[in-house]
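First the structure, in the form of structure tokens, and then the observations on it.
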Amino acid sequence: MRKQTFSALSLIWRGLSGHRSWQQQWRKPEPKTRYDAIIVGGGGHGLGAAYYLAQEHGLSNIAVLEKGWIGGGNTGRNTTIIRSYYLFSESAALYDHSLKLWEDLSRALNYNMMFSQRGVMMLAHTVHDVQVIKRHVHANRCNGVDNEWLEPAQAKAFCPPLNIAANIRYPVLGAALQRRGGTARHDAVAWGYARAADALGVDIIENCEVTGIRRDAGGAVAGVETSRGYIQARKVGVSAAGHTSVVMRMAGVQLPLESFPLQALVSEPIKPIFPCVVMSNTIHAYISQSDKGELVIGAGTDAYTSYTQRGALHINMHTLDAICELFPEFRRLRMLRNWGGIVDVTPDRSPIIAKTAVPGLYVNCGWGTGGFKATPGSAHLFAWTMAHDEPHPINAPFTIERFRDGNLIDEAAAAAVAH
Amino acid sequence: MEFTHGGEAHLVRPSPPAQVDDDTWTRFLYMRDNLKGVYAERWRHARGCGQFFNALRDTTTDHFVAVYKRGEPRPR
Ligand SMILES: Cc1cc2nc3c(=O)[nH]c(=O)nc-3n(C[C@H](O)[C@H](O)[C@H](O)COP(=O)(O)OP(=O)(O)OC[C@H]3O[C@@H](n4cnc5c(N)ncnc54)[C@H](O)[C@@H]3O)c2cc1C
Ligand SMILES: [Zn+2]
């Protein structure tokens, strides 16, 4: 059946008929016995990769296998901050590739991503922060990525709720602002890619957990065991975020990853008060306001690895302390919900989008605490890598071998904390 | 916090350093099992005696299954 398209007219028209004539957005097919390519993990990265494989590389017999429901992993659990001001040239190219795709994504997928370039401001609280952040600003501008330095009064003008008093524990000494940065709607990313991929014939199979990876006599990938039976495929791309180590172990591949819980929380909804996104790596506070009116607040990772998908309470308390000091008028707000996701962290805090030592097996992982912003770019490059059996120039530095060869892309050291 | 996490246990530093190849160094420095389930880890009694010790912890529940001294083999 031809897909309905979304437009202002179609919304009004179907609204008048009680919204009862909308089609299902994607099929719920039974798994076939064989596919040309399988993606493990139905988050934004995996669904996007399937879409680009079909759209740009002409593959049609593709499945996305998701153990739960699509978008139920970190894609649906994150605070949706999108920016591209990373220090190193390799990272700037990668994240800005993604940001450029975001700018056109709603149109390309005919799905409203609610992408809002409201500006992302990163606060500096110490002399060290000021130096590091100014260095980022200069490096970004050399790489053609917009980023500008604001003095405290300018930061306050951009974000009126910000407390720039000099006598607080971590005073605001300035900020970097990327005006092209912002937020998008988390679910829309998963749903938009799913709908567009399905329209190109991709099978999206939920409640289908990959439990094993079979290899042939030559060691190459032959297929995957799943909770819904064995499925053959010569190309398997793993995009399983916090569970990447678990899945890759099925093929005997060890990775430089550790999985940590990362938490977020939202307040009760209030009227529009917060015009932008504010981040502070130094005191671990990430905040924006959703279109529903909730303040969306991101906290830090737990201090130990875990797959529990919840985090320790004191981590949230620490973040709320910072929020209350930076935005005193939020002190009396009540928090509605908090939750955790499991994020896969590499030693240099940069991702891996690469081939592996196993022929036909590809991996996209290590996005850690900051891969939502990269969803379209990562998906696009992962599809390229799977289709060509070699990396695109943008993701060529993001290999597993960089750890052996000493070519780290050390955004961890650059930012001094997780980001 | 009284105890701090020290990562995967039983990683043996390869030696002698000059004769260790790059893959062995990479495994020691960067590669981790990152297990979902019972995982042998190093922990440190940071706000106490400062000593490292080993523990088995279930990373699906965060429950500690066993605690043992560093240098001792993994229980069971
Ligand atoms: C609280 C929190 C806040 C965050 N804030 C931000 C932010 O502000 N900005 C930002 O850029 N990033 C942020 N991130 C990081 C971001 O969410 C992730 O990097 C990104 O969403 C990863 O997308 P993904 O598609 O790779 O993973 P996911 O959406 O997690 O998808 C992976 C999927 O794989 C599935 N899977 C796992 N194992 C199997 C298996 N064996 N078989 C089948 N399927 C399997 C999972 O069920 C899951 O749906 C945050 C993360 C968290 C947890
Ligand atoms: Zn002690």
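Quick note on naming: the chains in the structure tokens go A, B, ... in the order shown, residues restart at 1 in each chain, and ligands are numbered from 1 in order of appearance.
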
If you take only C-alpha atoms and all ligand atoms and a cut-off of 6 Å, which residues of chain A touch ligand 1, and what are their nearest atom pairs and distances in Å to one decimal, in chain and number order, as CSV?
residue,atom,partner,partner_atom_place_in_ligand_line,distance
A:Val40,CA,ligand 1,43 (C),5.2
A:Gly41,CA,ligand 1,34 (O),3.2
A:Gly42,CA,ligand 1,33 (C),4.8
A:Gly43,CA,ligand 1,25 (O),3.3
A:Gly44,CA,ligand 1,25 (O),4.0
A:His45,CA,ligand 1,25 (O),3.8
A:Gly46,CA,ligand 1,25 (O),5.6
A:Leu65,CA,ligand 1,43 (C),5.3
A:Glu66,CA,ligand 1,44 (N),3.8
A:Lys67,CA,ligand 1,43 (C),3.9
A:Gly68,CA,ligand 1,47 (O),5.1
A:Ile70,CA,ligand 1,49 (O),5.6
A:Gly71,CA,ligand 1,29 (O),5.3
A:Gly72,CA,ligand 1,49 (O),5.0
A:Gly73,CA,ligand 1,30 (O),3.5
A:Asn74,CA,ligand 1,30 (O),3.7
A:Thr75,CA,ligand 1,29 (O),3.6
A:Arg77,CA,ligand 1,53 (C),5.4
A:Asn78,CA,ligand 1,3 (C),3.4
A:Thr79,CA,ligand 1,8 (O),3.9
A:Thr80,CA,ligand 1,8 (O),4.1
A:Ile81,CA,ligand 1,8 (O),3.7
A:Ile82,CA,ligand 1,11 (O),5.5
A:Cys208,CA,ligand 1,43 (C),6.0
A:Glu209,CA,ligand 1,42 (N),3.7
A:Val210,CA,ligand 1,42 (N),3.8
A:Thr211,CA,ligand 1,41 (N),5.7
A:Ser239,CA,ligand 1,26 (O),5.4
A:Ala240,CA,ligand 1,34 (O),3.6
A:Ala241,CA,ligand 1,27 (O),4.5
A:His243,CA,ligand 1,38 (N),5.0
A:Val247,CA,ligand 1,41 (N),5.5
A:Leu262,CA,ligand 1,53 (C),4.7
A:Gln263,CA,ligand 1,1 (C),4.0
A:Ala264,CA,ligand 1,1 (C),4.3
A:Gly298,CA,ligand 1,3 (C),5.7
A:Gly340,CA,ligand 1,1 (C),5.4
A:Gly341,CA,ligand 1,53 (C),3.6
A:Ile342,CA,ligand 1,53 (C),5.7
A:Val343,CA,ligand 1,53 (C),6.0
A:Trp367,CA,ligand 1,19 (O),4.6
A:Gly368,CA,ligand 1,19 (O),5.2
A:Thr369,CA,ligand 1,15 (C),4.2
A:Gly370,CA,ligand 1,12 (N),3.3
A:Gly371,CA,ligand 1,19 (O),3.0
A:Phe372,CA,ligand 1,11 (O),3.5
A:Lys373,CA,ligand 1,11 (O),3.7

Would you please extract all alpha helix (DSSP H) residues from chain B, as assigned by DSSP on the backbone, and give them as number ranges by chain?
-> B: 22-29

Taking only C-alpha atoms into account, which residues of chain A are within 6 Å of chain B, as a list in words?
->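 Only these qualify: Leu255, Pro256, Glu258, Tyr304, Ser306, Tyr307, Thr308 and Arg404 of chain A.
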
From the list A:Lys292, A:Lys134, A:Lys32, A:Arg107, the nearest residue to Arg185 in chain A using only C-alpha atoms is A:Lys292

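Here CA of Phe398 in chain A and CA of Ser350 in chain A stand 7.5 Å from one another.
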